[in-house]
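Take a look at the structure below.
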Amino acid sequence: MRVIQSCALFFTVLTLLSGCSSAPDHSRSQSRVTPAAITSAAIASAHPLATQAGMDVLANGGNAFDAAVAVAASLGVVEPYSAGLGGGGFWLLYNAAGDEYRFLDARETAPAAAGHDYFLNADGSVNRDKAVNGPTAAAIPGQPAAFAYIAEHFGRLPLTQTLQAAIRQARDGFAISDEYREMANYRLHMLQRYPDTAAVFLDDNQIPDTGFVLTQPGLADTLEAIARQGADGFYRGAVAEELLASVRAAGGDWSAADLHDYRVRERRPVHVRYGDLQVISAPPPSSGGIALVEMLNMLSHFQWQSLDTIRQTHLLTEIMRRAYYDRAEFLGDPDFVEVPASDLMSEARAQHWVSSIDMTRATPSLSLNGPKNIDEGFHTTHLSVLDQDGNMVSATLSINLPFGSAFTAGSTGVLLNNEMDDFSASPGSPNAYGLTGSHANAIQPGKRPLSSMTPTIVSSSEQTAILGTPGGSRIITMVMLGMLEHLQGKAVSDWVSRPRFHHQYLPDLLQHEPDTFTDQEKIALTRMGHRLKNTGRRYGNMQAILWDHRTGQVTAAADPRGIGQAEVRP
Ligand code: DON
């Protein structure tokens with residue numbers, strides 16, 4: 001990756017830092033601070049029981065990586081609509097001892113049976129049911145492999161210990177929340193369609209009442225198999241056989257080799273320096289890091305902080321539009337397509353895009369310089385962890401839509417993802433998030449679907465921020481808005497609660513939460529040519545930690561939109 005050279009404006013504007021230096025291409029932090037400066041450990045996650053599971057692991061001698069496994073495993077049980085063994089995700093790790101950032105790509109892979117026309121009907125249209133529901137929508141899970149990889153390479157404790165809380169929560173049950181009911185309601189018909197799913201996640205085929213104790217004995221057994229045997233407990237043996245049998249019986253097409261061959265990939269994170277500040281984020285097959293850096297590079301050309309809300313929103317929208325154009329056009333799994341990462345993150349690209357921004361008018365998306373026809377929700381979860389040695393984890397994990405594919409793989413109790421819908425099933429045909437894509441993100445056997453998940457760490461010699469969120473295509477813009485709050489010196493609680501807006505190139509809409517803009521602002525933005533769309537509900541579930549190196553103080557916050565919990569423990 002080429003490091004961006006021209007960044008002085010960004011920082012003079014932010015008045016946080018000055019100067020801009022180029023840096024070599026590696027992922028050392030170069031702004032190491034004494035770990036002794038930390039006064040506390042912190043965990044922010046989307047569920048109090050998961051945060052607790054992680055805190056217990058820290059208290060029992062585990063490091064941030066062990067705690068992150070415990071949190072993720074627990075989320076897979078108590079937030080079954082978000083992430084779990086049947087899904088995958090991205091783990092950005094900072095290993096304090098080696099002063100290095102590592103990035104684990106545990107994204108799901110397309111089964112060998114899935115080619116580029118896998119979801120196409122005879123007339124060339126996309127079979128949306130097949131792409132979103134049931135085992136055909138499910139790619140090969142990466143989460144169990146991630147647990148085993150982290151335990152082997154980064155953790156101090158065995159999986160028998162770090163998965164213990166999740167196993168207990170699955171076996172003994174947990175009381176379901178209103179949020180669970182809301183997610184189940186969103187997918188009720190599909191939960192009812194698959195009997196193994198209805199048996200676990202519904203009560204007499206209906207949404208359970210708040211407080212209902214939901215047990216998952218099959219999932220507890222599968223977690224135990226992973227605790228005992230690592231990745232083999234899932235990808236081989238009895239669990240694998242049951243996964244294959246149940247998937248095939250319901251019309252899916254996984255093979256034993258698809259499971260055996262699944263591997264976590266270590267990738268070089270996107271790591272860009274702006275003077276003293278470093279932004280470390282997710283590389284392809286996530287679009288998050290590249291899009292984030294593109295947006296920051298464009299922003300560095302403007303005195304954005306001195307603009308009024310209307311013009312600031314307009315500018316950010318235009319920047320989002322352009323970064324998402326590049327997402328749709330160029331990004332996919334780097335093992336299958338050439339991703340022009342350094343060009344996209346270059347100053348030349350930023351200048352190209354900035355020159356097309358009119359500060360008085362919205363640019364219609366389809367007028368952007370590029371292909372006119374591209375030729376060719378909720379849920380997911382984020383966790384942020386910091387331990388007292390300065391190790392850090394920023395991980396975004398997913399099964400895609402709420403309750404994923406809604407298909408539970410027989411007695412394994414594993415609810416499978418529907419990440420196959422993150423591929424571009426056909427050029428120009430939108431997925432569940434309205435995203436379109438090019439051949440770069442077409443389906444191929446073994447390929448990983450393009451993601452928006454953006455686990456991020458922002459670090460300077462003075463402070464380090466760990467943040468991320470679920471939210472489908474809106475993840476990247478949420479992370480950027482949260483990060484801009486941080487760069488303006490606001491408290492971590494402000495980053496996670498900030499009212500949100502989003503533009504993703506197509507559809508050509510400025511999406512916003514109900515309370516983001518005043519009526520006056522809406523009128524002004526509409527006059528500038530923006531088509532506003534109220535999302536009708538607030539979105540995202542950001543989990544963030546701030547470590548101030550100067551004081552050693554650690555603060556953390558969970559998004560008030562969710563039921564998560566951030567805990568800082570001395
Ligand atoms: O990887 C992606 O971009 C999506 N599968 C993430 C889905 C998501 O965040 C849903 N959350 N609300």
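Note on naming: chains are A, B, ... as they come in the structure tokens, residues start from 1 per chain, ligands start from 1 in the order shown.
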
**Report entry** Residue set, segment 123-278 of chain A restricted to helix (DSSP H, G or I), as an NGL selection string
**Finding:** :A and (128-132 or 135-137 or 143-153 or 159-162 or 164-172 or 178-186 or 188-193 or 195-201 or 217-229 or 232-235 or 237-249 or 256-260)

Query raised in the report: Per DSSP on the backbone, what are the strand (DSSP E or B) residues of segment 427-568 of chain A, as a ChimeraX atom specification?
Result: /A:442,451,456-459,463-467,501-502,510-512,532-534,543-548,554-558,565-568

Could you dump the residues just selected with C-alpha atoms as a PDB file, in the first residue's frame?
```pdb
ATOM      1  CA  ALA A 442     -19.125 -11.298  -8.525  1.00  0.00           C
ATOM      2  CA  SER A 451     -17.971  -6.300   3.156  1.00  0.00           C
ATOM      3  CA  THR A 456     -10.878   0.627  13.241  1.00  0.00           C
ATOM      4  CA  ILE A 457      -8.204   1.962  15.561  1.00  0.00           C
ATOM      5  CA  VAL A 458      -7.168   5.614  15.417  1.00  0.00           C
ATOM      6  CA  SER A 459      -3.982   6.359  17.263  1.00  0.00           C
ATOM      7  CA  GLN A 463      -4.673   9.083  22.384  1.00  0.00           C
ATOM      8  CA  THR A 464      -5.905   5.822  20.938  1.00  0.00           C
ATOM      9  CA  ALA A 465      -9.487   5.205  19.883  1.00  0.00           C
ATOM     10  CA  ILE A 466     -10.987   1.776  19.188  1.00  0.00           C
ATOM     11  CA  LEU A 467     -14.303   1.838  17.353  1.00  0.00           C
ATOM     12  CA  PHE A 501     -26.592  10.364   7.898  1.00  0.00           C
ATOM     13  CA  HIS A 502     -25.346   8.393   4.933  1.00  0.00           C
ATOM     14  CA  LEU A 510     -29.167  11.214   1.477  1.00  0.00           C
ATOM     15  CA  GLN A 511     -30.339   8.818   4.170  1.00  0.00           C
ATOM     16  CA  HIS A 512     -30.684  10.137   7.699  1.00  0.00           C
ATOM     17  CA  LEU A 532     -33.517  13.051   1.548  1.00  0.00           C
ATOM     18  CA  LYS A 533     -34.742   9.780   2.952  1.00  0.00           C
ATOM     19  CA  ASN A 534     -35.624   9.418   6.609  1.00  0.00           C
ATOM     20  CA  GLN A 543     -18.933   0.245  20.630  1.00  0.00           C
ATOM     21  CA  ALA A 544     -15.962   2.447  21.406  1.00  0.00           C
ATOM     22  CA  ILE A 545     -13.027   2.904  23.764  1.00  0.00           C
ATOM     23  CA  LEU A 546     -10.723   5.893  24.220  1.00  0.00           C
ATOM     24  CA  TRP A 547      -7.358   5.543  25.905  1.00  0.00           C
ATOM     25  CA  ASP A 548      -5.687   8.833  26.750  1.00  0.00           C
ATOM     26  CA  VAL A 554      -9.638   4.985  29.741  1.00  0.00           C
ATOM     27  CA  THR A 555     -13.244   5.773  28.809  1.00  0.00           C
ATOM     28  CA  ALA A 556     -15.681   3.617  26.872  1.00  0.00           C
ATOM     29  CA  ALA A 557     -19.216   3.820  25.568  1.00  0.00           C
ATOM     30  CA  ALA A 558     -21.879   1.615  24.051  1.00  0.00           C
ATOM     31  CA  GLN A 565     -22.587  -2.234  27.795  1.00  0.00           C
ATOM     32  CA  ALA A 566     -19.221  -0.578  28.077  1.00  0.00           C
ATOM     33  CA  GLU A 567     -17.222  -1.312  31.176  1.00  0.00           C
ATOM     34  CA  VAL A 568     -13.959   0.138  32.374  1.00  0.00           C
TER      35      VAL A 568
END
```

Could you report the residues within 9 Å of ligand 1, using only C-alpha atoms and all ligand atoms, as a PDB file with N, CA, C and O atoms, in the first residue's frame?
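Writing done, so here's selection.pdb:
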```
ATOM      1  N   SER A  82     -27.254 -11.490  15.417  1.00  0.00           N
ATOM      2  CA  SER A  82     -26.177 -10.609  14.940  1.00  0.00           C
ATOM      3  C   SER A  82     -24.977 -11.307  14.334  1.00  0.00           C
ATOM      4  O   SER A  82     -24.465 -10.900  13.302  1.00  0.00           O
ATOM      5  N   GLY A  88     -19.054 -14.864  10.246  1.00  0.00           N
ATOM      6  CA  GLY A  88     -17.634 -14.542  10.131  1.00  0.00           C
ATOM      7  C   GLY A  88     -17.392 -13.123  10.556  1.00  0.00           C
ATOM      8  O   GLY A  88     -18.268 -12.493  11.162  1.00  0.00           O
ATOM      9  N   GLY A  89     -16.224 -12.607  10.238  1.00  0.00           N
ATOM     10  CA  GLY A  89     -15.957 -11.227  10.607  1.00  0.00           C
ATOM     11  C   GLY A  89     -14.509 -10.861  10.442  1.00  0.00           C
ATOM     12  O   GLY A  89     -13.698 -11.637   9.929  1.00  0.00           O
ATOM     13  N   ARG A 107     -13.716 -13.791   7.168  1.00  0.00           N
ATOM     14  CA  ARG A 107     -14.917 -13.622   6.341  1.00  0.00           C
ATOM     15  C   ARG A 107     -15.299 -14.982   5.761  1.00  0.00           C
ATOM     16  O   ARG A 107     -14.439 -15.804   5.437  1.00  0.00           O
ATOM     17  N   SER A 286     -12.854  -6.279   2.940  1.00  0.00           N
ATOM     18  CA  SER A 286     -13.732  -5.216   3.414  1.00  0.00           C
ATOM     19  C   SER A 286     -13.479  -3.985   2.546  1.00  0.00           C
ATOM     20  O   SER A 286     -12.348  -3.748   2.114  1.00  0.00           O
ATOM     21  N   SER A 287     -14.526  -3.221   2.333  1.00  0.00           N
ATOM     22  CA  SER A 287     -14.366  -1.950   1.635  1.00  0.00           C
ATOM     23  C   SER A 287     -14.125  -0.835   2.639  1.00  0.00           C
ATOM     24  O   SER A 287     -13.860   0.306   2.261  1.00  0.00           O
ATOM     25  N   GLY A 288     -14.210  -1.190   3.955  1.00  0.00           N
ATOM     26  CA  GLY A 288     -14.258  -0.159   4.986  1.00  0.00           C
ATOM     27  C   GLY A 288     -13.035   0.726   5.052  1.00  0.00           C
ATOM     28  O   GLY A 288     -13.149   1.949   5.015  1.00  0.00           O
ATOM     29  N   GLY A 377     -29.702  -2.791   7.912  1.00  0.00           N
ATOM     30  CA  GLY A 377     -30.317  -3.172   8.823  1.00  0.00           C
ATOM     31  C   GLY A 377     -30.054  -3.339  10.114  1.00  0.00           C
ATOM     32  O   GLY A 377     -29.454  -2.608  10.650  1.00  0.00           O
ATOM     33  N   PHE A 378     -30.140  -4.476   9.733  1.00  0.00           N
ATOM     34  CA  PHE A 378     -29.649  -4.800  11.079  1.00  0.00           C
ATOM     35  C   PHE A 378     -29.414  -6.311  11.079  1.00  0.00           C
ATOM     36  O   PHE A 378     -30.303  -7.039  10.851  1.00  0.00           O
ATOM     37  N   HIS A 379     -28.470  -7.061  11.289  1.00  0.00           N
ATOM     38  CA  HIS A 379     -27.625  -6.924  12.419  1.00  0.00           C
ATOM     39  C   HIS A 379     -26.262  -7.459  12.193  1.00  0.00           C
ATOM     40  O   HIS A 379     -25.908  -7.755  11.088  1.00  0.00           O
ATOM     41  N   THR A 380     -25.498  -7.714  13.041  1.00  0.00           N
ATOM     42  CA  THR A 380     -24.041  -7.767  13.013  1.00  0.00           C
ATOM     43  C   THR A 380     -23.660  -7.149  14.327  1.00  0.00           C
ATOM     44  O   THR A 380     -24.505  -6.591  15.007  1.00  0.00           O
ATOM     45  N   THR A 381     -22.390  -7.246  14.712  1.00  0.00           N
ATOM     46  CA  THR A 381     -22.046  -6.741  16.026  1.00  0.00           C
ATOM     47  C   THR A 381     -20.607  -6.269  16.035  1.00  0.00           C
ATOM     48  O   THR A 381     -19.814  -6.689  15.190  1.00  0.00           O
ATOM     49  N   THR A 396     -15.474  -6.604  14.126  1.00  0.00           N
ATOM     50  CA  THR A 396     -16.859  -6.533  13.669  1.00  0.00           C
ATOM     51  C   THR A 396     -17.210  -7.898  13.088  1.00  0.00           C
ATOM     52  O   THR A 396     -16.481  -8.426  12.238  1.00  0.00           O
ATOM     53  N   LEU A 397     -18.291  -8.465  13.587  1.00  0.00           N
ATOM     54  CA  LEU A 397     -18.642  -9.855  13.297  1.00  0.00           C
ATOM     55  C   LEU A 397     -20.081  -9.909  12.816  1.00  0.00           C
ATOM     56  O   LEU A 397     -20.912  -9.119  13.259  1.00  0.00           O
ATOM     57  N   SER A 398     -20.378 -10.881  11.953  1.00  0.00           N
ATOM     58  CA  SER A 398     -21.691 -10.816  11.323  1.00  0.00           C
ATOM     59  C   SER A 398     -22.211 -12.178  10.871  1.00  0.00           C
ATOM     60  O   SER A 398     -21.436 -13.084  10.576  1.00  0.00           O
ATOM     61  N   ILE A 399     -23.545 -12.275  10.817  1.00  0.00           N
ATOM     62  CA  ILE A 399     -24.169 -13.321   9.999  1.00  0.00           C
ATOM     63  C   ILE A 399     -25.027 -12.633   8.928  1.00  0.00           C
ATOM     64  O   ILE A 399     -25.880 -13.247   8.320  1.00  0.00           O
ATOM     65  N   ASN A 400     -24.811 -11.340   8.761  1.00  0.00           N
ATOM     66  CA  ASN A 400     -25.492 -10.467   7.809  1.00  0.00           C
ATOM     67  C   ASN A 400     -26.862 -10.031   8.317  1.00  0.00           C
ATOM     68  O   ASN A 400     -26.939  -9.400   9.352  1.00  0.00           O
ATOM     69  N   LEU A 401     -27.951 -10.354   7.645  1.00  0.00           N
ATOM     70  CA  LEU A 401     -29.263  -9.836   8.071  1.00  0.00           C
ATOM     71  C   LEU A 401     -29.642 -10.407   9.440  1.00  0.00           C
ATOM     72  O   LEU A 401     -29.048 -11.387   9.880  1.00  0.00           O
ATOM     73  N   PRO A 402     -30.631  -9.815  10.122  1.00  0.00           N
ATOM     74  CA  PRO A 402     -31.043 -10.367  11.407  1.00  0.00           C
ATOM     75  C   PRO A 402     -31.370 -11.862  11.276  1.00  0.00           C
ATOM     76  O   PRO A 402     -32.118 -12.257  10.388  1.00  0.00           O
ATOM     77  N   ASN A 417     -25.252 -17.912   8.299  1.00  0.00           N
ATOM     78  CA  ASN A 417     -25.254 -16.557   7.739  1.00  0.00           C
ATOM     79  C   ASN A 417     -25.978 -16.489   6.395  1.00  0.00           C
ATOM     80  O   ASN A 417     -26.238 -17.520   5.772  1.00  0.00           O
ATOM     81  N   ASN A 418     -26.228 -15.251   5.942  1.00  0.00           N
ATOM     82  CA  ASN A 418     -26.607 -15.053   4.534  1.00  0.00           C
ATOM     83  C   ASN A 418     -25.695 -14.023   3.867  1.00  0.00           C
ATOM     84  O   ASN A 418     -26.143 -13.125   3.168  1.00  0.00           O
ATOM     85  N   GLU A 419     -24.394 -14.229   4.106  1.00  0.00           N
ATOM     86  CA  GLU A 419     -23.410 -13.308   3.520  1.00  0.00           C
ATOM     87  C   GLU A 419     -23.286 -13.462   2.010  1.00  0.00           C
ATOM     88  O   GLU A 419     -22.689 -12.600   1.358  1.00  0.00           O
ATOM     89  N   MET A 420     -23.825 -14.544   1.427  1.00  0.00           N
ATOM     90  CA  MET A 420     -23.763 -14.668  -0.036  1.00  0.00           C
ATOM     91  C   MET A 420     -24.428 -13.463  -0.700  1.00  0.00           C
ATOM     92  O   MET A 420     -24.108 -13.107  -1.826  1.00  0.00           O
ATOM     93  N   ASP A 421     -25.346 -12.819   0.045  1.00  0.00           N
ATOM     94  CA  ASP A 421     -26.027 -11.644  -0.522  1.00  0.00           C
ATOM     95  C   ASP A 421     -25.121 -10.414  -0.549  1.00  0.00           C
ATOM     96  O   ASP A 421     -25.479  -9.396  -1.137  1.00  0.00           O
ATOM     97  N   ASP A 422     -23.960 -10.494   0.101  1.00  0.00           N
ATOM     98  CA  ASP A 422     -23.020  -9.374   0.003  1.00  0.00           C
ATOM     99  C   ASP A 422     -22.238  -9.411  -1.310  1.00  0.00           C
ATOM    100  O   ASP A 422     -21.526  -8.466  -1.644  1.00  0.00           O
ATOM    101  N   TYR A 433     -28.897  -4.211   1.052  1.00  0.00           N
ATOM    102  CA  TYR A 433     -28.564  -2.851   1.497  1.00  0.00           C
ATOM    103  C   TYR A 433     -28.652  -1.841   0.363  1.00  0.00           C
ATOM    104  O   TYR A 433     -28.215  -0.707   0.511  1.00  0.00           O
ATOM    105  N   PRO A 449     -17.170 -12.495  -0.019  1.00  0.00           N
ATOM    106  CA  PRO A 449     -17.990 -11.369  -0.469  1.00  0.00           C
ATOM    107  C   PRO A 449     -17.477 -10.051   0.093  1.00  0.00           C
ATOM    108  O   PRO A 449     -16.998  -9.996   1.229  1.00  0.00           O
ATOM    109  N   LEU A 450     -17.582  -9.013  -0.704  1.00  0.00           N
ATOM    110  CA  LEU A 450     -17.157  -7.682  -0.259  1.00  0.00           C
ATOM    111  C   LEU A 450     -17.985  -7.253   0.950  1.00  0.00           C
ATOM    112  O   LEU A 450     -19.196  -7.447   0.981  1.00  0.00           O
ATOM    113  N   SER A 451     -17.312  -6.678   1.909  1.00  0.00           N
ATOM    114  CA  SER A 451     -17.971  -6.300   3.156  1.00  0.00           C
ATOM    115  C   SER A 451     -17.827  -4.802   3.393  1.00  0.00           C
ATOM    116  O   SER A 451     -16.946  -4.154   2.831  1.00  0.00           O
ATOM    117  N   SER A 452     -18.682  -4.289   4.260  1.00  0.00           N
ATOM    118  CA  SER A 452     -18.533  -2.900   4.711  1.00  0.00           C
ATOM    119  C   SER A 452     -18.018  -2.835   6.144  1.00  0.00           C
ATOM    120  O   SER A 452     -17.860  -1.737   6.697  1.00  0.00           O
ATOM    121  N   MET A 453     -17.787  -3.973   6.751  1.00  0.00           N
ATOM    122  CA  MET A 453     -17.400  -3.961   8.166  1.00  0.00           C
ATOM    123  C   MET A 453     -16.051  -3.255   8.322  1.00  0.00           C
ATOM    124  O   MET A 453     -15.111  -3.538   7.601  1.00  0.00           O
ATOM    125  N   THR A 454     -15.989  -2.347   9.282  1.00  0.00           N
ATOM    126  CA  THR A 454     -14.862  -1.425   9.392  1.00  0.00           C
ATOM    127  C   THR A 454     -14.332  -1.335  10.822  1.00  0.00           C
ATOM    128  O   THR A 454     -14.405  -0.279  11.459  1.00  0.00           O
ATOM    129  N   THR A 469     -18.869  -0.574  14.320  1.00  0.00           N
ATOM    130  CA  THR A 469     -20.322  -0.705  14.458  1.00  0.00           C
ATOM    131  C   THR A 469     -20.886  -1.668  13.427  1.00  0.00           C
ATOM    132  O   THR A 469     -20.257  -1.866  12.380  1.00  0.00           O
ATOM    133  N   PRO A 470     -22.038  -2.263  13.677  1.00  0.00           N
ATOM    134  CA  PRO A 470     -22.781  -2.914  12.602  1.00  0.00           C
ATOM    135  C   PRO A 470     -23.567  -1.854  11.830  1.00  0.00           C
ATOM    136  O   PRO A 470     -23.546  -0.676  12.184  1.00  0.00           O
ATOM    137  N   GLY A 471     -24.284  -2.305  10.796  1.00  0.00           N
ATOM    138  CA  GLY A 471     -25.148  -1.372  10.068  1.00  0.00           C
ATOM    139  C   GLY A 471     -25.062  -1.516   8.566  1.00  0.00           C
ATOM    140  O   GLY A 471     -25.377  -0.573   7.839  1.00  0.00           O
ATOM    141  N   GLY A 472     -24.607  -2.687   8.097  1.00  0.00           N
ATOM    142  CA  GLY A 472     -24.591  -2.936   6.658  1.00  0.00           C
ATOM    143  C   GLY A 472     -23.776  -1.890   5.920  1.00  0.00           C
ATOM    144  O   GLY A 472     -22.694  -1.490   6.366  1.00  0.00           O
ATOM    145  N   SER A 473     -24.335  -1.401   4.819  1.00  0.00           N
ATOM    146  CA  SER A 473     -23.591  -0.453   3.986  1.00  0.00           C
ATOM    147  C   SER A 473     -23.311   0.857   4.710  1.00  0.00           C
ATOM    148  O   SER A 473     -22.438   1.623   4.303  1.00  0.00           O
ATOM    149  N   ARG A 474     -24.040   1.128   5.784  1.00  0.00           N
ATOM    150  CA  ARG A 474     -23.859   2.410   6.481  1.00  0.00           C
ATOM    151  C   ARG A 474     -22.709   2.370   7.487  1.00  0.00           C
ATOM    152  O   ARG A 474     -22.402   3.373   8.128  1.00  0.00           O
ATOM    153  N   ILE A 475     -22.094   1.195   7.641  1.00  0.00           N
ATOM    154  CA  ILE A 475     -21.037   1.067   8.654  1.00  0.00           C
ATOM    155  C   ILE A 475     -19.926   2.090   8.427  1.00  0.00           C
ATOM    156  O   ILE A 475     -19.472   2.765   9.352  1.00  0.00           O
ATOM    157  N   TYR A 539     -30.142   3.934  13.533  1.00  0.00           N
ATOM    158  CA  TYR A 539     -29.432   2.737  13.093  1.00  0.00           C
ATOM    159  C   TYR A 539     -27.998   2.707  13.636  1.00  0.00           C
ATOM    160  O   TYR A 539     -27.422   3.719  13.985  1.00  0.00           O
ATOM    161  N   GLY A 540     -27.454   1.498  13.665  1.00  0.00           N
ATOM    162  CA  GLY A 540     -26.082   1.307  14.129  1.00  0.00           C
ATOM    163  C   GLY A 540     -26.029   0.921  15.595  1.00  0.00           C
ATOM    164  O   GLY A 540     -27.043   0.989  16.317  1.00  0.00           O
ATOM    165  N   ASN A 541     -24.872   0.464  16.015  1.00  0.00           N
ATOM    166  CA  ASN A 541     -24.687   0.033  17.396  1.00  0.00           C
ATOM    167  C   ASN A 541     -23.191   0.079  17.698  1.00  0.00           C
ATOM    168  O   ASN A 541     -22.538  -0.942  17.833  1.00  0.00           O
TER     169      ASN A 541
END
```

Report task. Compare A:Arg193, A:Arg321, A:Lys447, A:His530 by their minimum atom-to-atom distance to Gly115 of chain A, counting only C-alpha atoms, and give me the closest one. Result ->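 So, comparing all the options, the nearest one is A:Lys447.
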
Query raised in the report: Which residue out of A:Ala122, A:Ala67, A:Ala238, A:Ala97 has the minimum interatomic distance to Ala165 of chain A when only C-alpha atoms are used?
Result: A:Ala67

Report task. Just the residues within 12 Å of Arg128 of chain A, please, counting only C-alpha atoms, with nothing from its chain fewer than 5 positions along; format it as an NGL selection string. Result -> :A and (118-121 or 133-134 or 136-137 or 405 or 418 or 420-422 or 424-426 or 429-432)

**Report entry** Shell around Glu521 of chain A at 9 Å using only C-alpha atoms, local window under 5 positions removed, as a count of residues only
**Finding:** 3
